[in-house]
file protein.cif (mmCIF, C-alpha atoms)
data_data
#
loop_
_atom_site.label_atom_id
_atom_site.label_comp_id
_atom_site.auth_asym_id
_atom_site.auth_seq_id
_atom_site.Cartn_x
_atom_site.Cartn_y
_atom_site.Cartn_z
CA MET A 1 33.86 24.23 -80.36
CA THR A 2 34.56 24.57 -84.04
CA GLY A 3 37.68 25.11 -86.15
CA THR A 4 39.86 25.75 -83.13
CA ASP A 5 39.23 22.35 -81.56
CA ALA A 6 42.85 21.47 -81.02
CA ILE A 7 43.59 24.72 -79.22
CA GLU A 8 40.42 24.42 -77.15
CA ILE A 9 41.27 20.89 -76.12
CA GLU A 10 44.73 22.02 -75.10
CA LYS A 11 43.08 24.71 -72.95
CA ILE A 12 40.78 22.18 -71.30
CA TRP A 13 43.69 19.89 -70.39
CA HIS A 14 45.33 22.97 -68.88
CA LEU A 15 42.20 23.74 -66.84
CA LEU A 16 42.04 20.13 -65.62
CA GLU A 17 45.52 20.54 -64.20
CA SER A 18 43.98 22.88 -61.65
CA VAL A 19 41.28 20.42 -60.54
CA SER A 20 42.63 18.58 -57.54
CA ASP A 21 41.87 15.21 -56.00
CA PRO A 22 39.73 16.05 -52.93
CA GLU A 23 41.57 13.44 -50.83
CA LEU A 24 45.05 14.35 -52.06
CA PRO A 25 44.84 18.08 -52.68
CA VAL A 26 48.46 18.30 -53.93
CA LEU A 27 47.61 16.10 -56.93
CA SER A 28 45.60 17.25 -59.91
CA VAL A 29 43.32 14.83 -61.71
CA VAL A 30 45.84 14.94 -64.58
CA ASP A 31 48.75 14.03 -62.24
CA LEU A 32 46.70 11.10 -60.98
CA GLY A 33 46.28 9.77 -64.51
CA ILE A 34 42.50 9.41 -64.32
CA ILE A 35 41.72 11.67 -67.29
CA ARG A 36 41.77 9.29 -70.25
CA SER A 37 40.71 11.65 -73.02
CA VAL A 38 39.31 15.05 -73.84
CA SER A 39 37.46 15.47 -77.09
CA ALA A 40 34.80 17.51 -78.84
CA THR A 41 31.57 15.85 -79.94
CA ASP A 42 29.57 16.77 -83.05
CA ASP A 43 27.10 18.58 -80.79
CA ASP A 44 29.79 21.01 -79.63
CA GLU A 45 30.04 19.24 -76.32
CA VAL A 46 33.25 18.68 -74.46
CA GLU A 47 33.54 14.97 -73.68
CA ILE A 48 35.88 13.95 -70.90
CA ALA A 49 36.56 10.28 -70.21
CA ILE A 50 37.65 9.54 -66.66
CA THR A 51 38.54 6.29 -65.00
CA PRO A 52 38.21 5.58 -61.28
CA THR A 53 41.32 4.64 -59.31
CA TYR A 54 39.49 1.94 -57.30
CA SER A 55 35.90 0.72 -57.88
CA GLY A 56 34.75 2.08 -54.54
CA CYS A 57 36.62 5.38 -54.62
CA PRO A 58 34.18 7.78 -52.98
CA ALA A 59 35.98 10.81 -54.42
CA ILE A 60 34.97 10.13 -58.02
CA THR A 61 31.54 11.85 -57.85
CA ARG A 62 33.08 14.88 -56.22
CA ILE A 63 35.80 14.94 -58.90
CA GLU A 64 33.16 14.92 -61.65
CA TRP A 65 31.46 17.91 -60.06
CA ASP A 66 34.72 19.77 -59.57
CA ILE A 67 35.52 19.27 -63.26
CA ARG A 68 32.09 20.58 -64.29
CA ILE A 69 32.45 23.62 -62.06
CA LYS A 70 35.95 24.41 -63.30
CA LEU A 71 34.88 24.17 -66.93
CA ALA A 72 31.67 26.15 -66.37
CA GLU A 73 33.68 28.94 -64.74
CA ASN A 74 35.66 29.10 -67.95
CA GLY A 75 32.69 29.17 -70.29
CA TYR A 76 32.35 25.50 -71.13
CA ASN A 77 28.78 24.64 -70.21
CA LYS A 78 28.15 21.63 -72.37
CA VAL A 79 30.26 19.00 -70.73
CA LYS A 80 29.74 15.27 -70.89
CA ILE A 81 31.69 13.09 -68.49
CA VAL A 82 31.92 9.41 -69.26
CA SER A 83 33.34 6.74 -66.99
CA LYS A 84 35.74 4.32 -68.58
CA LEU A 85 36.68 1.16 -66.66
CA SER A 86 38.88 -0.44 -69.27
CA PRO A 87 41.83 -0.45 -69.47
CA ALA A 88 41.84 -0.39 -65.68
CA TRP A 89 43.63 2.53 -64.03
CA THR A 90 47.20 1.90 -62.95
CA THR A 91 49.67 3.93 -60.91
CA GLY A 92 51.89 3.63 -63.99
CA TRP A 93 49.82 6.54 -65.36
CA MET A 94 50.77 8.91 -62.55
CA THR A 95 52.91 11.79 -63.82
CA GLU A 96 56.49 12.33 -62.63
CA SER A 97 55.58 15.76 -61.27
CA GLY A 98 52.68 14.12 -59.44
CA LYS A 99 55.08 11.69 -57.78
CA GLN A 100 57.34 14.54 -56.67
CA LYS A 101 54.40 16.48 -55.26
CA LEU A 102 53.24 13.42 -53.31
CA LYS A 103 56.66 12.94 -51.76
CA ALA A 104 56.92 16.59 -50.78
CA TYR A 105 53.48 16.22 -49.17
CA GLY A 106 54.75 13.32 -47.01
CA ILE A 107 53.31 10.38 -48.97
CA ALA A 108 55.69 7.87 -50.53
CA PRO A 109 54.93 7.79 -54.29
CA PRO A 110 54.42 4.50 -56.15
CA ASN A 111 57.72 2.77 -56.91
CA ALA A 112 59.06 3.35 -60.40
CA LEU A 113 59.10 -0.36 -61.06
CA GLN A 114 55.43 -1.38 -60.95
CA GLN A 115 55.15 -4.15 -58.38
CA VAL A 116 51.47 -4.76 -57.87
CA CYS A 117 49.99 -6.89 -55.12
CA SER A 118 50.99 -10.48 -55.68
CA THR A 119 48.65 -13.20 -54.54
CA ASP A 120 51.58 -15.14 -53.01
CA LEU A 121 50.88 -15.35 -49.32
CA PHE A 122 53.49 -13.79 -47.03
CA ALA A 123 55.68 -12.88 -50.03
CA ALA A 124 58.29 -10.21 -49.34
CA ASP A 125 57.15 -6.69 -50.14
CA GLU A 126 59.02 -4.17 -52.24
CA ALA A 127 61.32 -1.73 -50.47
CA VAL A 128 59.57 1.59 -50.08
CA GLN A 129 61.52 4.77 -49.44
CA CYS A 130 60.57 6.86 -46.42
CA PRO A 131 59.33 10.23 -47.75
CA ARG A 132 60.78 12.02 -44.71
CA CYS A 133 64.33 10.73 -44.23
CA ASN A 134 64.78 8.82 -47.54
CA SER A 135 65.72 5.57 -45.80
CA TYR A 136 64.84 2.31 -47.50
CA ARG A 137 64.80 0.54 -44.14
CA THR A 138 61.03 0.63 -43.79
CA HIS A 139 58.40 -1.99 -43.14
CA LEU A 140 54.82 -2.62 -44.13
CA ILE A 141 52.23 -2.25 -41.39
CA SER A 142 49.14 -2.84 -43.51
CA ARG A 143 48.47 -3.20 -47.22
CA PHE A 144 45.26 -1.21 -46.59
CA GLY A 145 45.60 2.42 -45.53
CA SER A 146 43.62 5.57 -44.92
CA THR A 147 42.22 5.48 -48.46
CA ALA A 148 41.87 2.63 -50.97
CA CYS A 149 44.96 3.76 -52.91
CA LYS A 150 47.39 3.74 -49.99
CA ALA A 151 49.26 1.23 -47.81
CA PHE A 152 50.60 1.95 -44.37
CA TYR A 153 54.35 1.80 -43.64
CA ARG A 154 56.78 2.73 -40.90
CA CYS A 155 60.38 3.85 -41.17
CA ASN A 156 62.91 1.86 -39.11
CA ASP A 157 65.34 4.80 -39.08
CA CYS A 158 63.34 7.93 -38.32
CA LEU A 159 60.54 5.80 -36.80
CA GLU A 160 57.85 7.86 -38.50
CA PRO A 161 54.78 6.07 -39.84
CA PHE A 162 53.85 7.10 -43.39
CA ASP A 163 51.42 6.40 -46.21
CA TYR A 164 52.62 4.72 -49.40
CA PHE A 165 50.65 5.29 -52.60
CA LYS A 166 50.78 1.62 -53.55
CA CYS A 167 51.45 0.29 -57.03
CA HIS A 168 48.22 -0.84 -58.61
CA MET B 1 22.12 -15.15 -75.73
CA ASN B 2 19.22 -15.17 -73.27
CA LYS B 3 19.01 -11.57 -72.06
CA GLU B 4 16.85 -12.34 -69.05
CA HIS B 5 19.42 -14.85 -67.85
CA LEU B 6 22.25 -12.40 -68.41
CA ILE B 7 20.41 -9.85 -66.25
CA GLN B 8 19.96 -12.45 -63.50
CA TYR B 9 23.64 -13.36 -63.69
CA VAL B 10 24.80 -9.73 -63.48
CA LEU B 11 22.46 -9.17 -60.52
CA HIS B 12 23.89 -12.27 -58.87
CA LEU B 13 27.43 -10.88 -59.18
CA ALA B 14 26.26 -7.50 -57.91
CA ASP B 15 24.33 -8.97 -54.96
CA ASN B 16 27.29 -11.11 -53.87
CA ALA B 17 29.51 -8.03 -53.76
CA LEU B 18 26.96 -5.76 -52.09
CA ILE B 19 25.85 -8.18 -49.38
CA LEU B 20 29.37 -9.22 -48.42
CA GLY B 21 30.47 -5.59 -48.58
CA HIS B 22 27.62 -4.65 -46.25
CA ARG B 23 28.46 -7.45 -43.82
CA ASN B 24 32.13 -6.44 -43.76
CA SER B 25 31.18 -2.83 -43.14
CA GLU B 26 29.68 -3.93 -39.82
CA TRP B 27 33.29 -4.18 -38.58
CA THR B 28 33.96 -0.49 -39.20
CA GLY B 29 34.76 0.97 -35.81
CA HIS B 30 34.74 -2.52 -34.23
CA GLY B 31 37.82 -4.20 -35.76
CA PRO B 32 40.16 -6.10 -33.44
CA ILE B 33 42.94 -3.54 -33.99
CA LEU B 34 42.93 -0.25 -35.86
CA GLU B 35 44.89 -1.44 -38.92
CA GLN B 36 42.60 -4.43 -39.43
CA ASP B 37 39.51 -2.32 -38.88
CA ILE B 38 40.80 -0.17 -41.75
CA ALA B 39 41.63 -3.22 -43.86
CA ILE B 40 38.18 -4.82 -43.60
CA SER B 41 36.54 -1.43 -44.19
CA ASN B 42 38.64 -0.97 -47.35
CA ILE B 43 37.59 -4.41 -48.56
CA ALA B 44 33.96 -3.51 -47.86
CA LEU B 45 34.39 -0.31 -49.89
CA ASP B 46 35.94 -2.16 -52.84
CA LEU B 47 33.07 -4.66 -52.84
CA VAL B 48 30.37 -2.00 -52.71
CA GLY B 49 32.11 -0.18 -55.57
CA GLN B 50 32.23 -3.37 -57.63
CA ALA B 51 28.54 -3.95 -56.86
CA ARG B 52 27.71 -0.47 -58.17
CA ASN B 53 29.39 -1.24 -61.49
CA PHE B 54 27.45 -4.47 -61.86
CA TYR B 55 24.14 -2.83 -60.85
CA GLN B 56 24.67 -0.04 -63.37
CA TYR B 57 25.16 -2.64 -66.07
CA ALA B 58 22.10 -4.61 -64.93
CA ALA B 59 20.04 -1.39 -65.01
CA THR B 60 21.20 -0.69 -68.58
CA LEU B 61 20.27 -4.22 -69.65
CA LYS B 62 16.86 -4.04 -68.00
CA ALA B 63 16.14 -0.68 -69.66
CA ASP B 64 12.92 -0.29 -67.67
CA GLY B 65 13.79 2.76 -65.59
CA SER B 66 15.77 0.73 -63.03
CA THR B 67 18.85 2.38 -61.59
CA GLU B 68 21.68 1.10 -59.42
CA ASP B 69 19.77 2.53 -56.46
CA THR B 70 16.40 0.92 -57.19
CA LEU B 71 18.15 -2.42 -57.69
CA ALA B 72 19.98 -2.19 -54.37
CA TYR B 73 17.32 -0.54 -52.25
CA LEU B 74 13.95 -1.60 -53.62
CA ARG B 75 14.25 -5.34 -54.26
CA ASP B 76 13.11 -7.74 -51.58
CA VAL B 77 14.62 -10.99 -50.30
CA PRO B 78 13.37 -13.38 -53.05
CA ASP B 79 14.80 -11.03 -55.72
CA TYR B 80 18.31 -11.13 -54.25
CA LYS B 81 20.61 -13.68 -55.88
CA ASN B 82 23.65 -13.64 -53.62
CA CYS B 83 25.18 -16.86 -52.32
CA LEU B 84 23.98 -17.76 -48.83
CA LEU B 85 27.58 -17.64 -47.59
CA THR B 86 27.76 -13.85 -48.09
CA GLU B 87 24.70 -13.07 -45.97
CA LEU B 88 25.58 -15.04 -42.80
CA ASP B 89 26.27 -12.98 -39.70
CA LYS B 90 29.81 -11.62 -39.50
CA GLY B 91 30.58 -13.87 -36.52
CA ASP B 92 34.03 -13.55 -34.97
CA TRP B 93 37.25 -12.60 -36.79
CA ALA B 94 37.80 -16.23 -37.82
CA VAL B 95 34.37 -16.49 -39.47
CA THR B 96 34.84 -13.12 -41.19
CA THR B 97 38.30 -13.84 -42.59
CA LEU B 98 37.55 -17.44 -43.63
CA ARG B 99 34.32 -16.40 -45.36
CA GLN B 100 36.22 -13.62 -47.12
CA PHE B 101 38.83 -16.14 -48.20
CA PHE B 102 36.23 -18.50 -49.69
CA VAL B 103 34.48 -15.69 -51.56
CA SER B 104 37.65 -13.86 -52.68
CA THR B 105 39.05 -17.11 -54.08
CA SER B 106 35.93 -17.62 -56.18
CA GLN B 107 35.80 -13.97 -57.26
CA PHE B 108 39.48 -13.98 -58.18
CA TYR B 109 39.34 -17.00 -60.48
CA LEU B 110 35.96 -15.97 -61.90
CA TYR B 111 37.12 -12.44 -62.75
CA GLU B 112 40.32 -13.82 -64.26
CA GLN B 113 38.10 -15.65 -66.74
CA LEU B 114 35.52 -12.89 -67.20
CA LYS B 115 38.29 -10.43 -68.10
CA ASP B 116 38.40 -12.12 -71.50
CA SER B 117 34.62 -12.34 -71.91
CA SER B 118 33.13 -11.34 -75.25
CA ASP B 119 30.76 -9.18 -73.20
CA ASP B 120 32.83 -5.96 -73.08
CA THR B 121 31.12 -4.49 -70.03
CA LEU B 122 31.51 -7.64 -67.94
CA ALA B 123 35.11 -7.89 -69.11
CA SER B 124 35.92 -4.33 -68.07
CA ILE B 125 34.25 -4.62 -64.65
CA ALA B 126 36.03 -7.94 -64.05
CA GLY B 127 39.39 -6.51 -65.16
CA LYS B 128 39.02 -3.61 -62.75
CA SER B 129 37.73 -5.77 -59.89
CA SER B 130 40.32 -8.50 -60.15
CA LYS B 131 43.14 -6.08 -59.29
CA GLU B 132 41.31 -5.23 -56.07
CA VAL B 133 40.33 -8.81 -55.31
CA ALA B 134 44.02 -9.83 -55.48
CA TYR B 135 44.52 -7.80 -52.28
CA HIS B 136 41.48 -9.40 -50.62
CA LEU B 137 42.63 -12.87 -51.58
CA ARG B 138 46.06 -12.35 -50.12
CA TRP B 139 44.86 -10.60 -46.97
CA SER B 140 42.23 -13.24 -46.18
CA GLY B 141 44.52 -16.19 -47.02
CA GLU B 142 47.21 -14.81 -44.71
CA TRP B 143 44.66 -14.50 -41.91
CA VAL B 144 43.48 -18.08 -42.37
CA ILE B 145 47.08 -19.28 -41.99
CA ARG B 146 47.83 -16.92 -39.12
CA LEU B 147 44.80 -18.15 -37.16
CA GLY B 148 45.05 -21.82 -38.11
CA ASP B 149 48.76 -22.03 -37.43
CA GLY B 150 48.62 -19.66 -34.46
CA THR B 151 47.65 -20.22 -30.86
CA GLU B 152 45.45 -22.92 -29.43
CA GLU B 153 42.54 -20.52 -29.22
CA SER B 154 42.95 -19.07 -32.72
CA HIS B 155 43.14 -22.60 -34.13
CA ARG B 156 40.02 -23.64 -32.23
CA ARG B 157 38.13 -20.62 -33.54
CA ILE B 158 39.05 -21.03 -37.19
CA ALA B 159 38.43 -24.78 -37.05
CA HIS B 160 34.98 -23.98 -35.73
CA ALA B 161 34.47 -21.37 -38.46
CA LEU B 162 35.45 -23.94 -41.08
CA GLU B 163 32.94 -26.45 -39.78
CA TYR B 164 30.21 -23.80 -39.68
CA LEU B 165 30.87 -22.21 -43.10
CA TRP B 166 31.79 -25.25 -45.15
CA PRO B 167 28.21 -26.38 -46.03
CA TYR B 168 27.61 -22.90 -47.50
CA THR B 169 30.54 -23.04 -49.92
CA GLY B 170 28.94 -25.37 -52.48
CA GLU B 171 27.04 -22.52 -54.11
CA LEU B 172 30.26 -20.70 -55.02
CA THR B 173 31.08 -23.26 -57.67
CA THR B 174 27.69 -24.85 -58.43
CA PRO B 175 26.02 -22.90 -61.22
CA ALA B 176 22.44 -21.69 -61.10
CA PRO B 177 20.37 -22.50 -64.22
CA TYR B 178 20.79 -18.94 -65.60
CA GLU B 179 24.53 -19.16 -65.01
CA GLU B 180 24.78 -22.33 -67.03
CA THR B 181 22.70 -21.15 -69.98
CA ILE B 182 24.76 -18.01 -70.52
CA SER B 183 28.18 -19.52 -69.81
CA GLY B 184 28.67 -19.90 -73.56
CA TYR B 185 28.15 -16.15 -73.94
CA THR B 186 30.11 -15.01 -70.88
CA GLY B 187 32.90 -17.47 -71.66
CA VAL B 188 33.09 -18.79 -68.09
CA ASN B 189 34.35 -22.36 -67.82
CA ILE B 190 32.57 -23.49 -64.68
CA SER B 191 34.47 -26.74 -64.16
CA LEU B 192 37.81 -24.91 -64.42
CA LEU B 193 36.55 -22.40 -61.86
CA LYS B 194 35.63 -25.21 -59.52
CA GLN B 195 39.02 -26.84 -59.94
CA ASN B 196 40.92 -23.56 -59.34
CA TRP B 197 38.81 -22.83 -56.29
CA ILE B 198 39.28 -26.15 -54.52
CA THR B 199 43.01 -26.30 -55.31
CA HIS B 200 43.69 -22.91 -53.75
CA ILE B 201 41.44 -23.59 -50.74
CA GLN B 202 43.11 -26.95 -50.18
CA ASN B 203 46.64 -25.44 -50.35
CA VAL B 204 45.92 -22.69 -47.88
CA LEU B 205 44.01 -24.90 -45.45
CA THR B 206 46.96 -27.29 -45.38
CA LEU B 207 49.33 -24.43 -44.54
CA ALA B 208 46.87 -23.43 -41.83
CA ARG B 209 46.93 -26.96 -40.35
CA LEU B 210 43.25 -27.40 -41.11
CA THR B 211 41.54 -30.27 -42.90
CA LEU B 212 38.62 -30.06 -45.26
CA PRO B 213 35.45 -31.24 -43.52
CA ALA B 214 34.39 -34.69 -44.62
CA GLY B 215 30.76 -33.72 -45.15
CA THR B 216 29.74 -33.15 -48.72
CA TRP B 217 26.13 -32.07 -48.21
CA MET B 218 25.75 -28.46 -49.24
CA GLN B 219 23.19 -25.73 -48.63
CA SER B 220 21.80 -24.10 -51.76
CA GLY B 221 19.13 -21.69 -52.98
CA GLY B 222 20.65 -18.23 -52.56
CA LYS B 223 21.39 -17.78 -56.25
CA GLU B 224 17.72 -18.38 -56.97
CA GLY B 225 16.31 -16.21 -54.22
CA ARG B 226 15.78 -18.75 -51.43
CA HIS B 227 17.63 -17.20 -48.52
CA THR B 228 18.42 -17.71 -44.85
CA GLU B 229 16.72 -15.47 -42.31
CA HIS B 230 19.89 -13.36 -42.13
CA LEU B 231 19.28 -11.54 -45.42
CA GLY B 232 16.01 -10.00 -44.23
CA TYR B 233 17.85 -8.31 -41.37
CA ILE B 234 20.50 -6.87 -43.70
CA LEU B 235 17.89 -5.49 -46.09
CA ALA B 236 15.81 -4.09 -43.22
CA GLU B 237 18.78 -2.02 -42.14
CA MET B 238 20.25 -1.23 -45.56
CA GLN B 239 16.95 -0.30 -47.22
CA TYR B 240 15.30 1.45 -44.28
CA LEU B 241 15.86 4.99 -45.46
CA GLN B 242 14.62 4.43 -49.02
CA ARG B 243 11.60 2.48 -47.81
CA ALA B 244 10.64 5.07 -45.19
CA TYR B 245 11.47 8.12 -47.31
CA PRO B 246 11.19 7.04 -50.96
CA GLY B 247 13.56 8.87 -53.27
CA CYS B 248 15.38 10.56 -50.39
CA GLU B 249 18.77 12.02 -51.39
CA TRP B 250 21.42 13.94 -49.53
#

call {"tool": "encode", "arguments": {"input": "protein.cif", "output": "structure tokens"}}
result
Amino acid sequence: MTGTDAIEIEKIWHLLESVSDPELPVLSVVDLGIIRSVSATDDDEVEIAITPTYSGCPAITRIEWDIRIKLAENGYNKVKIVSKLSPAWTTGWMTESGKQKLKAYGIAPPNALQQVCSTDLFAADEAVQCPRCNSYRTHLISRFGSTACKAFYRCNDCLEPFDYFKCH
Amino acid sequence: MNKEHLIQYVLHLADNALILGHRNSEWTGHGPILEQDIAISNIALDLVGQARNFYQYAATLKADGSTEDTLAYLRDVPDYKNCLLTELDKGDWAVTTLRQFFVSTSQFYLYEQLKDSSDDTLASIAGKSSKEVAYHLRWSGEWVIRLGDGTEESHRRIAHALEYLWPYTGELTTPAPYEETISGYTGVNISLLKQNWITHIQNVLTLARLTLPAGTWMQSGGKEGRHTEHLGYILAEMQYLQRAYPGCEW
């Protein structure tokens, strides 16, 4: 990449919007907020900094490969992916469109007001809206769900169980 | 800063996370109810992920061709520096949750301090891990109370777990020589850690209607590679594939 760096970088961000999270196919890696930066190095390499959602997220290796494949398909062969742990990923980085897509998919998106897990035992949990019937009369079943990033809830009105993408 | 001691310390943090993660993973498919099977499996996954980050850092520091995989799969018992508490058999649900509570409490307060370490890599791993450990701390503390303040049988079981595990808790807050020499560099205040740990344990045990065992004699040695027989069995299972088929990938 040379004099047109800015345009190229814009293009790469655009391409990343079509790389999805393998466990949540409705979300792109950009929606999820795990792409921290895209830049060009002096060696004409594209450098992408990504941050894992949770330390043990098994999807991260697959995501790295999907990014490489997507970029290679579009002519970017020199790609360097670096992992960046700090600052730690937070659901506050999820895009608004990402939250809407999650809800439409049947997963309650993280609450707008970031309420992360408190260490106070048996403290009351935040009200989470049912993604199906929109009721706030729901209750927590388990703070640990089908993947590291989700908690398990049930709606008291429509009685459906649902996943909540928990604030983190 | 003594680099050799820093490597040993990072390996100690990694080994604690990996061995406890491996023990917890033994519940996968065997949890008492589905939601708790998923919870303990999630905790196992977080711990193994945290271990990977520490091993990667240790491999960078060693700079001798080691990788996260060689450190996890090709070191033998005397090289492992995990606390003895993490390697004990998973026992029943009371032993598992109480052990998790003891370890999570120490990890939580340790990572809170390491977050501000002048060692940037340790600080970033600790910052990331502490958000996850907050969930483990809460989950395990709630279980200790639920069992201790529950039925006659649940109380009997967790009281037994407390008696069994207590002599293994000393290592969590007693520094190994390498830990002490680099505490100036890592910025960890060991006596504060000890104080935070015992205060939280004491509070939760009281709510769980349990009393701290009177005995003060403590087991030790894990941090320096002197282990119980349990660790050999974990490594035999965990390392089997790499030992039998060196370099195997899939």

call {"tool": "residues_around", "arguments": {"input": "protein.cif", "residues": "segment 73-75 of chain B", "least_positions_apart": "3", "cutoff": "10 Å", "atoms": "only C-alpha atoms", "output": "MDAnalysis selection string"}}
result
chainID B and resid 66:70 78:80 235:236 238:243 246

call {"tool": "closest_residue", "arguments": {"input": "protein.cif", "among": "A:His14, A:Arg62, A:Lys78, A:Lys84", "to": "chain B", "atoms": "all atoms listed in the file"}}
result
A:Lys84

call {"tool": "atom_distance", "arguments": {"input": "protein.cif", "atom1": "atom CA of Ile34 of chain A", "atom2": "atom CA of Trp89 of chain A"}}
result
7.0 Å

call {"tool": "resolve_selection", "arguments": {"input": "protein.cif", "expression": "the PyMOL selection byres ((chain A) within 6 of (chain B))", "output": "list in words"}}
result
Ser55, Gly56, Leu85, Ser86, Ala88, Thr119, Leu121 and Phe144 of chain A

call {"tool": "resolve_selection", "arguments": {"input": "protein.cif", "expression": "the PyMOL selection byres ((chain A and resi 106) around 8)", "output": "list in words"}}
result
Leu102, Lys103, Ala104, Tyr105, Ile107, Ala108, Pro131, Arg132, Phe162 and Asp163 of chain A

call {"tool": "atom_distance", "arguments": {"input": "protein.cif", "atom1": "atom CA of His5 of chain B", "atom2": "atom CA of Tyr178 of chain B"}}
result
4.9 Å

call {"tool": "resolve_selection", "arguments": {"input": "protein.cif", "expression": "the PyMOL selection byres ((chain A and resi 96-98) around 7)", "output": "mmCIF file with C-alpha atoms, in the frame of the given file"}}
result
data_model
loop_
_atom_site.group_PDB
_atom_site.id
_atom_site.type_symbol
_atom_site.label_atom_id
_atom_site.label_comp_id
_atom_site.auth_asym_id
_atom_site.auth_seq_id
_atom_site.Cartn_x
_atom_site.Cartn_y
_atom_site.Cartn_z
ATOM 1 C CA LEU A 27 47.610 16.100 -56.930
ATOM 2 C CA ASP A 31 48.750 14.030 -62.240
ATOM 3 C CA LEU A 32 46.700 11.100 -60.980
ATOM 4 C CA MET A 94 50.770 8.910 -62.550
ATOM 5 C CA THR A 95 52.910 11.790 -63.820
ATOM 6 C CA LYS A 99 55.080 11.690 -57.780
ATOM 7 C CA GLN A 100 57.340 14.540 -56.670
ATOM 8 C CA LYS A 101 54.400 16.480 -55.260
ATOM 9 C CA LEU A 102 53.240 13.420 -53.310
#

call {"tool": "residues_around", "arguments": {"input": "protein.cif", "residues": "Tyr109 of chain B", "least_positions_apart": "6", "cutoff": "8 Å", "atoms": "only C-alpha atoms", "output": "list in words"}}
result
Leu193, Asn196 and Trp197 of chain B

call {"tool": "write_last_selection", "arguments": {"input": "protein.cif", "atoms": "C-alpha atoms", "output": "PDB file, keeping the file's coordinate frame"}}
result
ATOM      1  CA  LEU B 193      36.550 -22.400 -61.860  1.00  0.00           C
ATOM      2  CA  ASN B 196      40.920 -23.560 -59.340  1.00  0.00           C
ATOM      3  CA  TRP B 197      38.810 -22.830 -56.290  1.00  0.00           C
TER       4      TRP B 197
END

call {"tool": "atom_distance", "arguments": {"input": "protein.cif", "atom1": "atom CA of Leu212 of chain B", "atom2": "atom CA of Leu147 of chain B"}}
result
15.7 Å

call {"tool": "closest_residue", "arguments": {"input": "protein.cif", "among": "B:Arg146, B:His155, B:Lys223, B:His160", "to": "Gln8 of chain B", "atoms": "all atoms listed in the file"}}
result
B:Lys223

call {"tool": "closest_residue", "arguments": {"input": "protein.cif", "among": "B:Trp250, B:Leu165, B:His227, B:Ile201", "to": "Thr105 of chain B", "atoms": "only C-alpha atoms"}}
result
B:Ile201

call {"tool": "closest_residue", "arguments": {"input": "protein.cif", "among": "A:Val26, A:Leu140, A:Ile7, A:Leu15", "to": "Ala72 of chain A", "atoms": "all atoms listed in the file"}}
result
A:Leu15

call {"tool": "residues_around", "arguments": {"input": "protein.cif", "residues": "Thr186 of chain B", "least_positions_apart": "6", "cutoff": "12 Å", "atoms": "only C-alpha atoms", "output": "PyMOL selection string"}}
result
chain B and resi 1-3+5-7+9-10+110-111+113-123+126+178-180
